[in-house]
$ cat query_35.cif   # mmCIF, C-alpha atoms
data_structure
#
loop_
_atom_site.label_atom_id
_atom_site.label_comp_id
_atom_site.auth_asym_id
_atom_site.auth_seq_id
_atom_site.Cartn_x
_atom_site.Cartn_y
_atom_site.Cartn_z
CA MET A 1 0.73 7.96 -15.16
CA ALA A 2 -2.91 8.33 -14.30
CA ILE A 3 -3.84 6.24 -11.31
CA LEU A 4 -7.23 4.60 -11.60
CA SER A 5 -8.04 3.15 -8.24
CA SER A 6 -11.76 3.51 -7.91
CA LEU A 7 -13.60 0.23 -7.95
CA ARG A 8 -17.22 -0.74 -7.74
CA ARG A 9 -17.74 -2.83 -4.62
CA ARG A 10 -20.91 -4.79 -4.11
CA SER A 11 -22.52 -6.13 -0.98
CA ALA A 12 -23.71 -9.70 -0.82
CA ALA A 13 -27.30 -8.53 -1.11
CA GLY A 14 -26.54 -6.71 -4.35
CA VAL A 15 -24.77 -9.50 -6.20
CA ALA A 16 -26.37 -12.70 -7.35
CA ALA A 17 -24.38 -15.88 -6.94
CA VAL A 18 -22.80 -17.08 -10.16
CA ALA A 19 -23.92 -20.61 -10.80
CA GLY A 20 -21.17 -22.89 -12.01
CA ALA A 21 -18.44 -20.34 -11.34
CA THR A 22 -16.34 -22.78 -9.36
CA ALA A 23 -13.52 -24.88 -10.75
CA VAL A 24 -15.43 -26.05 -13.83
CA GLY A 25 -13.18 -28.14 -16.04
CA VAL A 26 -10.04 -27.02 -14.19
CA CYS A 27 -7.50 -29.38 -12.71
CA LEU A 28 -4.27 -27.77 -11.50
CA ALA A 29 -1.39 -29.13 -9.49
CA VAL A 30 -1.26 -27.85 -5.94
CA GLY A 31 1.37 -25.65 -4.46
CA SER A 32 4.42 -24.05 -6.02
CA ALA A 33 4.44 -20.61 -4.38
CA SER A 34 6.11 -19.88 -1.07
CA ALA A 35 3.68 -18.08 1.25
CA GLY A 36 6.04 -17.05 4.03
CA ALA A 37 5.26 -14.05 6.20
CA LEU A 38 6.21 -10.58 4.97
CA SER A 39 8.48 -8.33 6.97
CA GLY A 40 9.87 -4.88 6.33
CA SER A 41 8.76 -1.30 5.80
CA LEU A 42 6.25 -0.45 3.09
CA TYR A 43 7.15 2.12 0.43
CA ARG A 44 5.56 5.56 0.45
CA ASP A 45 5.15 6.79 -3.13
CA PRO A 46 6.41 10.41 -3.20
CA SER A 47 4.44 11.17 -6.37
CA SER A 48 1.01 10.01 -5.22
CA ALA A 49 -2.04 12.17 -5.88
CA VAL A 50 -2.47 13.07 -2.21
CA ILE A 51 1.15 14.19 -1.84
CA ARG A 52 0.88 16.33 -4.95
CA TRP A 53 -2.32 17.90 -3.59
CA VAL A 54 -0.76 18.65 -0.20
CA ALA A 55 2.25 20.28 -1.85
CA ALA A 56 0.01 22.43 -4.07
CA ASN A 57 -2.37 23.53 -1.28
CA PRO A 58 -0.33 24.56 1.78
CA GLY A 59 -2.91 27.13 2.88
CA ASP A 60 -5.99 24.91 2.68
CA SER A 61 -7.66 24.37 6.06
CA ARG A 62 -7.79 20.63 5.37
CA THR A 63 -4.13 20.23 4.44
CA ALA A 64 -2.63 19.53 7.87
CA VAL A 65 -5.03 16.67 8.62
CA ILE A 66 -4.68 15.15 5.14
CA ARG A 67 -0.88 15.53 5.25
CA ASP A 68 -0.42 14.03 8.72
CA LYS A 69 -2.83 11.11 8.47
CA ILE A 70 -2.93 10.16 4.78
CA ALA A 71 -0.03 11.62 2.80
CA SER A 72 2.43 10.39 5.43
CA GLN A 73 1.49 6.75 4.80
CA PRO A 74 2.50 4.12 2.20
CA GLN A 75 -0.21 3.37 -0.35
CA ALA A 76 -0.48 1.21 -3.46
CA ARG A 77 0.51 2.44 -6.90
CA TRP A 78 -2.15 1.38 -9.43
CA PHE A 79 -1.23 0.11 -12.87
CA ALA A 80 -4.50 0.43 -14.74
CA ASN A 81 -3.63 1.92 -18.15
CA PHE A 82 -3.24 -0.36 -21.14
CA ASN A 83 0.28 0.72 -22.09
CA PRO A 84 2.28 -2.36 -23.16
CA SER A 85 5.09 -0.27 -24.66
CA THR A 86 5.79 1.76 -21.51
CA VAL A 87 4.63 -0.33 -18.56
CA GLN A 88 8.02 -2.01 -18.07
CA SER A 89 9.83 1.31 -17.64
CA GLU A 90 7.08 2.67 -15.36
CA VAL A 91 7.24 -0.39 -13.12
CA SER A 92 11.04 -0.40 -13.12
CA GLY A 93 11.21 3.25 -12.05
CA PHE A 94 8.71 2.79 -9.23
CA VAL A 95 10.23 -0.46 -7.94
CA GLY A 96 13.77 0.89 -8.29
CA ALA A 97 13.00 3.86 -6.06
CA ALA A 98 11.47 1.53 -3.45
CA ASN A 99 14.46 -0.81 -3.63
CA ALA A 100 16.84 2.11 -3.14
CA ALA A 101 14.87 3.08 -0.02
CA GLN A 102 15.02 -0.55 1.15
CA GLN A 103 11.24 -0.64 1.37
CA ILE A 104 8.52 -2.85 -0.08
CA PRO A 105 6.39 -1.37 -2.88
CA VAL A 106 2.73 -2.31 -3.33
CA LEU A 107 1.57 -2.54 -6.96
CA ALA A 108 -2.12 -3.00 -7.80
CA VAL A 109 -2.61 -4.54 -11.24
CA TYR A 110 -6.00 -3.59 -12.71
CA GLU A 111 -5.90 -4.51 -16.36
CA ILE A 112 -8.01 -7.65 -16.90
CA THR A 113 -10.24 -7.66 -19.97
CA ASN A 114 -13.87 -6.60 -19.27
CA ARG A 115 -12.78 -5.00 -16.02
CA ASP A 116 -15.52 -4.09 -13.51
CA CYS A 117 -18.14 -5.64 -15.82
CA GLY A 118 -18.46 -2.30 -17.62
CA GLY A 119 -19.09 -0.30 -14.43
CA ALA A 120 -17.55 2.96 -13.24
CA SER A 121 -14.02 1.57 -13.64
CA ALA A 122 -14.58 -0.18 -16.98
CA GLY A 123 -11.61 -0.78 -19.23
CA GLY A 124 -8.64 -3.09 -19.22
CA ALA A 125 -6.82 -4.91 -21.99
CA PRO A 126 -8.79 -5.28 -25.27
CA ASP A 127 -8.51 -9.08 -25.10
CA LEU A 128 -6.77 -11.73 -23.01
CA ASN A 129 -3.91 -12.26 -25.48
CA GLN A 130 -3.03 -8.58 -25.25
CA TYR A 131 -3.47 -8.82 -21.48
CA GLN A 132 -0.76 -11.47 -21.33
CA THR A 133 1.56 -9.27 -23.40
CA TRP A 134 0.99 -6.42 -20.97
CA VAL A 135 1.60 -8.68 -17.96
CA SER A 136 4.82 -10.02 -19.46
CA ASN A 137 6.12 -6.48 -19.91
CA PHE A 138 4.95 -5.56 -16.41
CA ALA A 139 6.83 -8.53 -14.93
CA ARG A 140 10.08 -7.51 -16.65
CA GLY A 141 10.18 -4.32 -14.59
CA LEU A 142 9.80 -5.91 -11.15
CA GLY A 143 13.48 -6.43 -10.32
CA ASN A 144 14.41 -9.18 -7.86
CA GLN A 145 13.60 -7.80 -4.41
CA THR A 146 10.36 -8.18 -2.46
CA VAL A 147 7.32 -6.55 -4.05
CA ILE A 148 3.62 -6.96 -3.24
CA ILE A 149 1.28 -7.51 -6.18
CA ILE A 150 -2.48 -7.02 -5.74
CA LEU A 151 -3.61 -8.87 -8.85
CA GLU A 152 -6.88 -7.79 -10.45
CA THR A 153 -9.38 -6.51 -7.91
CA ASP A 154 -12.97 -7.69 -8.62
CA SER A 155 -11.76 -10.22 -11.18
CA LEU A 156 -12.95 -13.26 -9.21
CA ALA A 157 -15.60 -11.85 -6.87
CA LEU A 158 -17.48 -10.13 -9.71
CA LEU A 159 -18.36 -12.57 -12.50
CA THR A 160 -21.98 -11.70 -13.25
CA CYS A 161 -21.21 -10.36 -16.73
CA LEU A 162 -19.30 -13.47 -17.88
CA ASN A 163 -20.57 -16.76 -19.24
CA SER A 164 -18.97 -20.05 -18.22
CA GLY A 165 -16.50 -20.03 -21.11
CA GLU A 166 -15.43 -16.48 -20.33
CA ILE A 167 -15.02 -17.38 -16.66
CA ASN A 168 -12.74 -20.29 -17.55
CA ALA A 169 -10.71 -18.06 -19.87
CA ARG A 170 -10.33 -15.42 -17.15
CA ASN A 171 -9.25 -18.04 -14.61
CA GLN A 172 -6.57 -19.27 -17.00
CA ALA A 173 -5.43 -15.71 -17.69
CA ILE A 174 -5.03 -14.93 -13.99
CA SER A 175 -3.23 -18.21 -13.32
CA THR A 176 -0.84 -17.50 -16.20
CA ALA A 177 -0.33 -13.92 -15.03
CA THR A 178 0.57 -15.15 -11.53
CA ARG A 179 3.19 -17.52 -12.88
CA THR A 180 4.53 -14.89 -15.27
CA ILE A 181 5.03 -12.44 -12.41
CA LYS A 182 6.63 -15.10 -10.23
CA SER A 183 8.97 -16.03 -13.07
CA GLY A 184 9.91 -12.38 -13.59
CA ASN A 185 10.63 -11.87 -9.89
CA PRO A 186 10.71 -14.97 -7.64
CA ASN A 187 10.53 -12.68 -4.59
CA ALA A 188 7.24 -11.14 -5.70
CA LYS A 189 4.35 -11.74 -3.29
CA VAL A 190 1.23 -12.20 -5.42
CA TYR A 191 -2.30 -12.06 -3.99
CA LEU A 192 -5.52 -12.87 -5.87
CA ASP A 193 -9.01 -11.40 -5.48
CA GLY A 194 -10.88 -12.66 -2.44
CA GLY A 195 -13.71 -10.11 -2.56
CA HIS A 196 -14.78 -9.29 0.98
CA SER A 197 -16.64 -10.69 3.96
CA THR A 198 -20.14 -9.51 2.93
CA TRP A 199 -19.99 -10.66 -0.69
CA ASN A 200 -19.48 -14.30 -1.67
CA SER A 201 -19.24 -17.07 0.93
CA ALA A 202 -15.86 -18.34 2.11
CA GLY A 203 -16.42 -21.66 0.37
CA GLU A 204 -17.37 -20.02 -2.93
CA THR A 205 -14.42 -17.65 -2.65
CA ALA A 206 -12.05 -20.59 -2.09
CA ASN A 207 -13.48 -22.34 -5.15
CA ARG A 208 -12.91 -19.29 -7.31
CA LEU A 209 -9.38 -18.81 -5.98
CA ARG A 210 -8.55 -22.45 -6.73
CA ALA A 211 -9.92 -22.15 -10.26
CA ALA A 212 -7.75 -19.07 -10.87
CA GLY A 213 -4.52 -20.72 -9.67
CA VAL A 214 -4.11 -19.49 -6.09
CA GLN A 215 -1.80 -22.47 -5.60
CA TYR A 216 0.79 -20.52 -7.61
CA ALA A 217 0.21 -17.32 -5.60
CA ASP A 218 1.03 -16.36 -2.03
CA GLY A 219 -2.57 -15.88 -1.01
CA PHE A 220 -5.47 -13.50 -1.50
CA PHE A 221 -6.55 -9.95 -0.70
CA THR A 222 -9.88 -8.75 0.68
CA ASN A 223 -11.79 -5.52 1.35
CA VAL A 224 -10.23 -3.43 -1.44
CA SER A 225 -12.32 -0.24 -1.71
CA ASN A 226 -14.69 -1.50 0.96
CA TYR A 227 -15.47 -0.70 4.58
CA ASN A 228 -15.84 -4.00 6.40
CA SER A 229 -14.06 -4.12 9.74
CA THR A 230 -10.63 -5.67 9.98
CA SER A 231 -11.94 -8.27 12.44
CA SER A 232 -14.70 -9.32 10.03
CA GLU A 233 -12.21 -9.60 7.18
CA ALA A 234 -9.78 -11.60 9.32
CA ASN A 235 -12.53 -14.04 10.30
CA PHE A 236 -13.55 -14.35 6.66
CA GLY A 237 -9.94 -14.90 5.65
CA ARG A 238 -9.53 -17.71 8.16
CA ALA A 239 -12.61 -19.40 6.75
CA VAL A 240 -11.26 -19.09 3.19
CA ILE A 241 -7.88 -20.49 4.27
CA SER A 242 -9.62 -23.38 6.00
CA ALA A 243 -11.61 -24.12 2.84
CA LEU A 244 -8.44 -24.01 0.74
CA ASN A 245 -6.72 -26.35 3.18
CA GLY A 246 -9.62 -28.75 2.72
CA MET A 247 -8.89 -28.70 -1.01
CA GLY A 248 -5.24 -29.60 -0.40
CA ILE A 249 -4.02 -26.02 -0.97
CA SER A 250 -2.04 -25.00 2.10
CA GLY A 251 0.19 -22.15 3.19
CA LYS A 252 -1.88 -19.33 1.71
CA ARG A 253 -2.18 -16.02 3.52
CA GLN A 254 -4.33 -12.92 3.44
CA VAL A 255 -3.76 -9.19 3.06
CA ILE A 256 -6.51 -6.76 4.06
CA ASP A 257 -7.22 -3.28 2.70
CA THR A 258 -7.71 -1.05 5.74
CA SER A 259 -7.67 2.28 3.89
CA ARG A 260 -11.19 3.28 4.93
CA ASN A 261 -12.66 0.70 7.29
CA GLY A 262 -12.24 2.57 10.58
CA GLY A 263 -15.80 3.94 10.71
CA ALA A 264 -19.29 2.92 9.68
CA SER A 265 -20.01 0.30 7.03
CA GLY A 266 -23.40 0.12 5.33
CA ASP A 267 -23.97 1.29 1.75
CA TRP A 268 -20.94 0.90 -0.45
CA CYS A 269 -20.38 4.17 -2.27
CA GLY A 270 -17.86 6.23 -0.31
CA ASP A 271 -18.32 9.37 -2.42
CA ASP A 272 -21.64 9.98 -0.70
CA ASN A 273 -20.86 8.83 2.84
CA THR A 274 -19.24 10.99 5.51
CA ASP A 275 -19.27 8.33 8.23
CA ARG A 276 -16.14 6.58 6.96
CA ARG A 277 -12.69 6.76 8.56
CA ILE A 278 -9.26 5.49 7.67
CA GLY A 279 -8.56 2.20 9.43
CA GLN A 280 -5.41 0.45 10.61
CA TYR A 281 -2.31 2.23 9.35
CA PRO A 282 -0.37 0.20 6.74
CA THR A 283 2.05 -2.34 8.20
CA THR A 284 3.50 -5.81 7.79
CA ASN A 285 3.39 -6.25 11.58
CA THR A 286 -0.07 -7.80 11.87
CA ASN A 287 0.57 -10.19 14.79
CA ASP A 288 -1.61 -12.69 12.94
CA ASN A 289 -0.13 -15.81 11.39
CA ASN A 290 -2.77 -15.79 8.63
CA ILE A 291 -2.35 -12.13 7.60
CA ASP A 292 0.74 -10.85 5.80
CA ALA A 293 -0.13 -7.15 5.85
CA TYR A 294 -2.68 -4.43 6.40
CA LEU A 295 -2.43 -2.26 3.28
CA TRP A 296 -3.91 0.91 1.89
CA VAL A 297 -4.68 -0.49 -1.54
CA LYS A 298 -7.46 1.99 -2.29
CA PRO A 299 -5.78 5.40 -1.79
CA PRO A 300 -7.88 7.35 0.74
CA GLY A 301 -9.55 10.31 -0.90
CA GLU A 302 -9.82 8.80 -4.38
CA ALA A 303 -13.42 8.62 -5.59
CA ASP A 304 -15.53 5.58 -6.38
CA GLY A 305 -17.38 7.07 -9.33
CA CYS A 306 -20.65 7.80 -7.54
CA ARG A 307 -20.52 11.57 -7.03
CA TYR A 308 -17.06 12.24 -8.52
CA THR A 309 -15.13 10.80 -11.46
CA ALA A 310 -13.80 7.34 -10.60
CA GLY A 311 -10.18 7.49 -9.46
CA SER A 312 -10.00 11.28 -9.03
CA PHE A 313 -8.49 12.61 -5.80
CA GLN A 314 -11.03 14.63 -3.82
CA PRO A 315 -9.75 16.53 -0.77
CA ASP A 316 -13.16 16.63 0.89
CA LEU A 317 -13.29 12.82 0.77
CA ALA A 318 -9.75 12.59 2.15
CA PHE A 319 -10.51 15.07 4.94
CA SER A 320 -13.70 13.21 5.86
CA LEU A 321 -11.75 9.95 6.15
CA ALA A 322 -8.90 11.45 8.17
CA ASN A 323 -10.62 13.99 10.42
CA GLY A 324 -11.09 12.49 13.86
CA ALA A 325 -9.06 9.37 13.07
CA PRO A 326 -6.19 8.40 15.38
CA ASN A 327 -2.73 9.74 14.62
CA PRO A 328 -0.16 7.40 13.05
CA PRO A 329 2.01 5.54 15.52
CA THR A 330 5.37 6.96 16.53
CA THR A 331 8.43 4.75 16.68
CA ALA A 332 10.15 3.69 19.88
CA PRO A 333 13.91 3.09 19.73
CA PRO A 334 14.83 -0.55 19.04
CA THR A 335 15.61 -2.74 22.01
CA THR A 336 18.63 -5.02 21.84
CA ALA A 337 19.89 -7.78 24.07
CA PRO A 338 23.03 -7.03 26.10
CA PRO A 339 26.25 -8.30 24.49
CA THR A 340 27.44 -11.74 25.57
CA THR A 341 31.01 -10.46 25.84
CA ALA A 342 32.24 -7.22 27.32
CA PRO A 343 32.43 -4.46 24.73
CA PRO A 344 35.82 -2.89 24.03
CA THR A 345 36.71 0.22 25.96
CA THR A 346 36.20 3.33 23.89
CA ALA A 347 36.67 7.01 24.46
CA PRO A 348 33.53 8.91 25.49
CA PRO A 349 31.65 10.53 22.61
CA THR A 350 32.56 14.09 21.81
CA THR A 351 28.86 15.01 21.65
CA PRO A 352 27.03 14.09 24.87
CA PRO A 353 23.53 12.60 24.65
CA PRO A 354 20.72 15.09 25.06
CA THR A 355 19.78 16.03 28.57
CA GLY A 356 16.85 17.98 29.90
CA ASN A 357 14.64 19.36 27.16
CA GLY A 358 16.97 18.26 24.34
CA CYS A 359 16.96 15.93 21.34
CA LEU A 360 19.30 14.20 18.92
CA ALA A 361 18.76 13.45 15.23
CA SER A 362 20.38 10.65 13.23
CA VAL A 363 20.21 10.37 9.44
CA ALA A 364 20.33 7.24 7.26
CA ILE A 365 20.75 7.78 3.51
CA ASN A 366 19.80 5.44 0.67
CA GLN A 367 21.55 6.74 -2.45
CA TRP A 368 21.01 5.81 -6.08
CA THR A 369 22.11 7.40 -9.32
CA GLY A 370 20.64 10.89 -9.40
CA GLY A 371 18.68 10.76 -6.17
CA PHE A 372 18.29 9.55 -2.59
CA THR A 373 15.93 9.05 0.31
CA ALA A 374 16.76 10.02 3.89
CA SER A 375 15.29 8.47 7.04
CA VAL A 376 15.71 10.68 10.11
CA THR A 377 15.22 9.53 13.70
CA VAL A 378 14.56 12.13 16.40
CA THR A 379 15.24 10.96 19.98
CA ALA A 380 14.29 12.87 23.12
CA GLY A 381 16.72 13.18 26.01
CA SER A 382 15.96 12.74 29.68
CA ALA A 383 12.78 14.82 29.46
CA ALA A 384 9.84 14.75 27.09
CA ILE A 385 9.76 17.28 24.26
CA ASN A 386 6.72 18.91 22.70
CA GLY A 387 8.15 19.94 19.35
CA TRP A 388 11.39 19.70 17.40
CA THR A 389 13.31 21.18 14.50
CA VAL A 390 16.02 19.24 12.64
CA THR A 391 18.51 21.18 10.52
CA ILE A 392 20.31 19.39 7.68
CA THR A 393 22.74 20.86 5.15
CA LEU A 394 22.49 19.43 1.64
CA PRO A 395 25.49 19.20 -0.71
CA GLY A 396 25.66 21.56 -3.67
CA GLY A 397 23.25 20.57 -6.43
CA ALA A 398 21.03 18.50 -4.13
CA SER A 399 17.42 19.42 -3.43
CA VAL A 400 14.44 18.07 -1.50
CA THR A 401 11.64 16.80 -3.74
CA GLY A 402 9.28 15.36 -1.14
CA THR A 403 8.90 15.14 2.64
CA TRP A 404 6.78 12.96 4.91
CA SER A 405 5.95 13.20 8.62
CA ALA A 406 7.58 16.66 8.77
CA GLN A 407 7.35 20.13 7.26
CA ALA A 408 10.36 21.37 5.30
CA SER A 409 11.52 24.98 5.17
CA GLY A 410 13.53 25.32 1.98
CA THR A 411 14.54 22.74 -0.61
CA SER A 412 18.31 23.24 -0.98
CA GLY A 413 21.30 24.33 1.07
CA THR A 414 20.39 24.40 4.77
CA VAL A 415 16.92 22.89 5.19
CA ARG A 416 14.93 22.90 8.43
CA PHE A 417 12.41 20.16 9.14
CA THR A 418 9.81 20.69 11.86
CA ASN A 419 7.37 18.22 13.36
CA VAL A 420 3.81 17.85 12.19
CA GLY A 421 0.87 17.71 14.58
CA TYR A 422 0.98 14.09 15.62
CA ASN A 423 4.74 13.56 16.18
CA GLY A 424 5.83 16.69 18.01
CA HIS A 425 5.49 15.17 21.46
CA VAL A 426 8.18 12.57 22.16
CA ASP A 427 8.49 11.02 25.60
CA ALA A 428 11.83 10.92 27.40
CA GLY A 429 14.19 8.44 25.74
CA GLN A 430 11.69 7.68 22.98
CA SER A 431 11.93 8.36 19.25
CA THR A 432 9.91 9.41 16.28
CA SER A 433 10.92 9.58 12.63
CA PHE A 434 10.42 11.43 9.38
CA GLY A 435 11.88 11.23 5.92
CA PHE A 436 12.49 13.05 2.70
CA GLN A 437 13.42 12.29 -0.88
CA GLY A 438 15.75 14.35 -3.01
CA SER A 439 17.67 14.70 -6.22
CA GLY A 440 21.44 14.72 -6.42
CA THR A 441 23.71 13.47 -3.63
CA GLY A 442 22.29 12.91 -0.18
CA PRO A 443 23.62 14.71 2.89
CA SER A 444 26.04 13.32 5.43
CA ALA A 445 24.77 11.80 8.64
CA THR A 446 25.28 15.12 10.44
CA ALA A 447 22.13 16.86 11.66
CA THR A 448 21.26 19.16 14.52
CA CYS A 449 18.09 18.87 16.57
CA ALA A 450 16.49 21.61 18.64
CA ALA A 451 13.55 20.95 20.94
CA SER A 452 10.72 23.42 21.27
#

$ encode --input "query_35.cif" --output "structure tokens"
Amino acid sequence: MAILSSLRRRSAAGVAAVAGATAVGVCLAVGSASAGALSGSLYRDPSSAVIRWVAANPGDSRTAVIRDKIASQPQARWFANFNPSTVQSEVSGFVGAANAAQQIPVLAVYEITNRDCGGASAGGAPDLNQYQTWVSNFARGLGNQTVIIILETDSLALLTCLNSGEINARNQAISTATRTIKSGNPNAKVYLDGGHSTWNSAGETANRLRAAGVQYADGFFTNVSNYNSTSSEANFGRAVISALNGMGISGKRQVIDTSRNGGASGDWCGDDNTDRRIGQYPTTNTNDNNIDAYLWVKPPGEADGCRYTAGSFQPDLAFSLANGAPNPPTTAPPTTAPPTTAPPTTAPPTTPPPTGNGCLASVAINQWTGGFTASVTVTAGSAAINGWTVTITLPGGASVTGTWSAQASGTSGTVRFTNVGYNGHVDAGQSTSFGFQGSGTGPSATATCAAS
């Protein structure tokens, strides 16, 4: 499926306020969605445009940076094609793979009628009745585990092309879509369009969210395809939440797009700006009671429609965003409290823990019919290591179809995985991780690790 993720973002100076675009003629009951905090790992789509580019361009001088800092990270899958007959199966396949990996998928719905007010990302459903048909089919594919839905970027912040009747119709459509998705999957976390901190005011944003049924959603998203700092967006989000609380709508939370807000801000169009950087890596661990997640909703490297075709992956844009940015975090081993009762006496392990310049690798497999994902943890022994190679033997008929945070040598039989630039150094007793996806039956938990 083509992924259209390029969106026109406006600054406050470039967008006139829409008079009367608050809750005109709308009276909705408050509060039916649960807005509890998210927790868990986000799903990395193994068929994203950036991963396909990395696989096809191993010799490109930009590949290592793009692979290590962008392709290794979970990003949203965009559902932007009007395909009512196939959207259910597309959603089901994507969500099913994430469920099998025990991770949370992020789905960006971008299908509202008169999308982007006819700008670079124009399109969407032909009318709002057909939009609801599409949404109903979309919701049928969501399963019953946690999913994150970014519902209709720009749909509430950008209303300049709509008259008051069209605004009311859009609000009703988004409210109905929210409830349809929640009905299809009660564990879906649905977030509505909150624009960003340099567009509409917090009070105006809260009014628009109320009119569009945020009381049925889990909260709102901000900064999609924009560059405002995370701190500015968090402050804006708190002001929006405060305004919603003043309207009697409580418990709503924010998610922030941090895919390219780690550098300069200024003019919007990222196709023509080389001062941008990727921001906070995607996570549900925000340490902020108002913020459910930092997400990469706009896939880094996909164009805005200024210099390149909207939604196309451009390696020079990706390299510009990633070059000079910090490396992704490595993972320390989990800490656990000592047992309250003495553990049973057991024989010593037959394989001693690594000592000196050694390492151990452990493998966790998530299997589904016809395929699997593997999460591999590499732990250093009593001395730091500066590189590692993990060797895993696949069963007959199995093959590796995608790898993240490592480089694979081979795709079947005995496969060797070596560190990438940012996760080769592991301090004594600490861990890092990588993963791969494959077809067929996953390997056993047996793996060997050799330190460089």

$ resolve_selection --input "query_35.cif" --expression "the PyMOL selection byres ((chain A and resi 101) around 12)" --output "PyMOL selection string"
chain A and resi 40-46+94-100+102-105+145+364-368+371-375+435-438

$ resolve_selection --input "query_35.cif" --expression "the PyMOL selection byres ((chain A and resi 62) around 10)" --output "PyMOL selection string"
chain A and resi 54+57-61+63-67+315-316+318-320+322-323

$ atom_distance --input "query_35.cif" --atom1 "atom CA of Ser362 of chain A" --atom2 "atom CA of Ala56 of chain A"
29.2 Å

$ atom_distance --input "query_35.cif" --atom1 "atom CA of Ser121 of chain A" --atom2 "atom CA of Cys306 of chain A"
11.0 Å

$ closest_residue --input "query_35.cif" --among "A:Arg179, A:Gly397, A:Ala120, A:Thr160" --to "Ala303 of chain A" --atoms "all atoms listed in the file"
A:Ala120

$ closest_residue --input "query_35.cif" --among "A:Ile167, A:Ile278, A:Ile392, A:Ile181" --to "Ile70 of chain A" --atoms "only C-alpha atoms"
A:Ile278

$ atom_distance --input "query_35.cif" --atom1 "atom CA of Asn290 of chain A" --atom2 "atom CA of Asn228 of chain A"
17.7 Å

$ closest_residue --input "query_35.cif" --among "A:Gln75, A:Thr379, A:Thr146, A:Ser136" --to "Ser39 of chain A" --atoms "all atoms listed in the file"
A:Thr146

$ resolve_selection --input "query_35.cif" --expression "the PyMOL selection byres ((chain A and resi 421) around 12)" --output "list in words"
Thr63, Ala64, Val65, Ile66, Arg67, Asp68, Lys69, Ser72, Pro326, Asn327, Pro328, Thr330, Asn386, Gly387, Trp388, Ser405, Ala406, Gln407, Thr418, Asn419, Val420, Tyr422, Asn423, Gly424, His425 and Val426 of chain A

$ residues_around --input "query_35.cif" --residues "segment 175-178 of chain A" --least-positions-apart "4" --cutoff "9 Å" --atoms "all atoms listed in the file" --output "compact mmCIF listing (two decimals) with C-alpha atoms, in the coordinates of the input"
# COMPACT_ATOMS: atom_id res chain seq x y z
CA TYR A 131 -3.47 -8.82 -21.48
CA GLN A 132 -0.76 -11.47 -21.33
CA VAL A 135 1.60 -8.68 -17.96
CA SER A 136 4.82 -10.02 -19.46
CA ALA A 139 6.83 -8.53 -14.93
CA LEU A 151 -3.61 -8.87 -8.85
CA ARG A 170 -10.33 -15.42 -17.15
CA ASN A 171 -9.25 -18.04 -14.61
CA LYS A 182 6.63 -15.10 -10.23
CA SER A 183 8.97 -16.03 -13.07
CA VAL A 190 1.23 -12.20 -5.42
CA TYR A 191 -2.30 -12.06 -3.99
CA LEU A 192 -5.52 -12.87 -5.87
CA ALA A 211 -9.92 -22.15 -10.26
CA ALA A 212 -7.75 -19.07 -10.87
CA GLY A 213 -4.52 -20.72 -9.67
CA VAL A 214 -4.11 -19.49 -6.09
CA GLN A 215 -1.80 -22.47 -5.60
CA TYR A 216 0.79 -20.52 -7.61
CA ALA A 217 0.21 -17.32 -5.60

$ closest_residue --input "query_35.cif" --among "A:Asp257, A:Tyr281, A:Gly194, A:Tyr110" --to "Arg238 of chain A" --atoms "all atoms listed in the file"
A:Gly194

$ residues_near_point --input "query_35.cif" --point "(-4.1, -2.8, -18.7)" --cutoff "6 Å" --atoms "all atoms listed in the file" --output "MDAnalysis selection string"
chainID A and resid 80:82 111 124:125

$ closest_residue --input "query_35.cif" --among "A:Gly396, A:Gly165, A:Gly143, A:Gly429" --to "Ser382 of chain A" --atoms "only C-alpha atoms"
A:Gly429

$ residues_near_point --input "query_35.cif" --point "(9.4, 24.2, 10.2)" --cutoff "7 Å" --atoms "only C-alpha atoms" --output "list in words"
Thr389, Gln407, Ala408, Ser409, Arg416, Phe417 and Thr418 of chain A

$ residues_around --input "query_35.cif" --residues "Ala206 of chain A" --least-positions-apart "3" --cutoff "7 Å" --atoms "only C-alpha atoms" --output "JSON, numbers by chain"
{"A": [202, 203, 209, 210, 240, 243, 244]}

$ closest_residue --input "query_35.cif" --among "A:Pro74, A:Gly219, A:Pro186, A:Gly123" --to "Ala37 of chain A" --atoms "all atoms listed in the file"
A:Gly219

$ residues_around --input "query_35.cif" --residues "Thr86 of chain A" --least-positions-apart "3" --cutoff "9 Å" --atoms "only C-alpha atoms" --output "ChimeraX atom specification"
/A:83,89-91,137-138

$ residues_around --input "query_35.cif" --residues "Thr258 of chain A" --least-positions-apart "2" --cutoff "12 Å" --atoms "only C-alpha atoms" --output "PyMOL selection string"
chain A and resi 74-76+196+221-234+255-256+260-263+276-283+286+293-300+321
